[in-house]
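J.: Below you'll find the structure I mean.
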Amino acid sequence: MKVCKICNIEKQLEEFRKQRRQCKACIAKIRSESPKDSSKLYYQKNKVKMYEYTKKYREENREKVNANQNEYIKNKRKCFDYSDEEYIKSEESWIRSAIEKYLKLTNKTHEKLKIKNTDRNR
Ligand SMILES: [Zn+2]
């Protein structure tokens, strides 16, 4: 006699396959309930379950999730602001030096033009 692991009924050894703790009836039942292409079905069921679980989790922990998201956005923004500021600073200094160079050049050309103009006017 052997006790089936699934139905917990003590059955004759003939009711079991070799080295199996489940009786033939239980194995047959499991097989009929789970056809070969059950993996897809299981996946779909699981997908829905997972979706419902995450939905439930979000609803139950809405504040927590929101806080996490806000924190994430803050951190991201901080990081972005910082790099943006740095970028603007470097850009500003570059533009300033460029403007100074340009002004120097134009001043020189202006002076030259002035000289030329005054020469013409004479
Ligand atoms: Zn059984």
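In the structure tokens, chains take the letters A, B, ... in the order shown, each chain's residues start at 1, and ligands count up from 1 in the order shown.
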Could the residues of chain A that have an atom at most 6 Å from ligand 1 be listed as a tab-separated table, each with its closest atom pair and the distance in Å to one decimal, counting only C-alpha atoms and all ligand atoms and ordered by chain and ascending residue number?

T.:
residue	atom	partner	partner_atom_place_in_ligand_line	distance
A:Cys4	CA	ligand 1	1 (Zn)	4.6
A:Ile6	CA	ligand 1	1 (Zn)	5.1
A:Cys7	CA	ligand 1	1 (Zn)	4.2
A:Gln22	CA	ligand 1	1 (Zn)	5.3
A:Cys23	CA	ligand 1	1 (Zn)	4.2
A:Ala25	CA	ligand 1	1 (Zn)	5.8
A:Cys26	CA	ligand 1	1 (Zn)	4.3

J.: Neighbouring residues of Gln12 (chain A) were defined as those with any atom within 9 Å, considering only C-alpha atoms; residues of the same chain fewer than 5 positions away were excluded. Please report them as an MDAnalysis selection string.

T.: chainID A and resid 1:3

J.: Rounded to one decimal place, report the CA of Val48 (chain A)-CA of Ile27 (chain A) distance in Å.

T.: 27.1 Å

J.: May I ask for the distance between CA of Glu59 (chain A) and CA of Gln44 (chain A), given in Å to one decimal place?

T.: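 Computed distance, CA of Glu59 (chain A) to CA of Gln44 (chain A), equals 22.3 Å.
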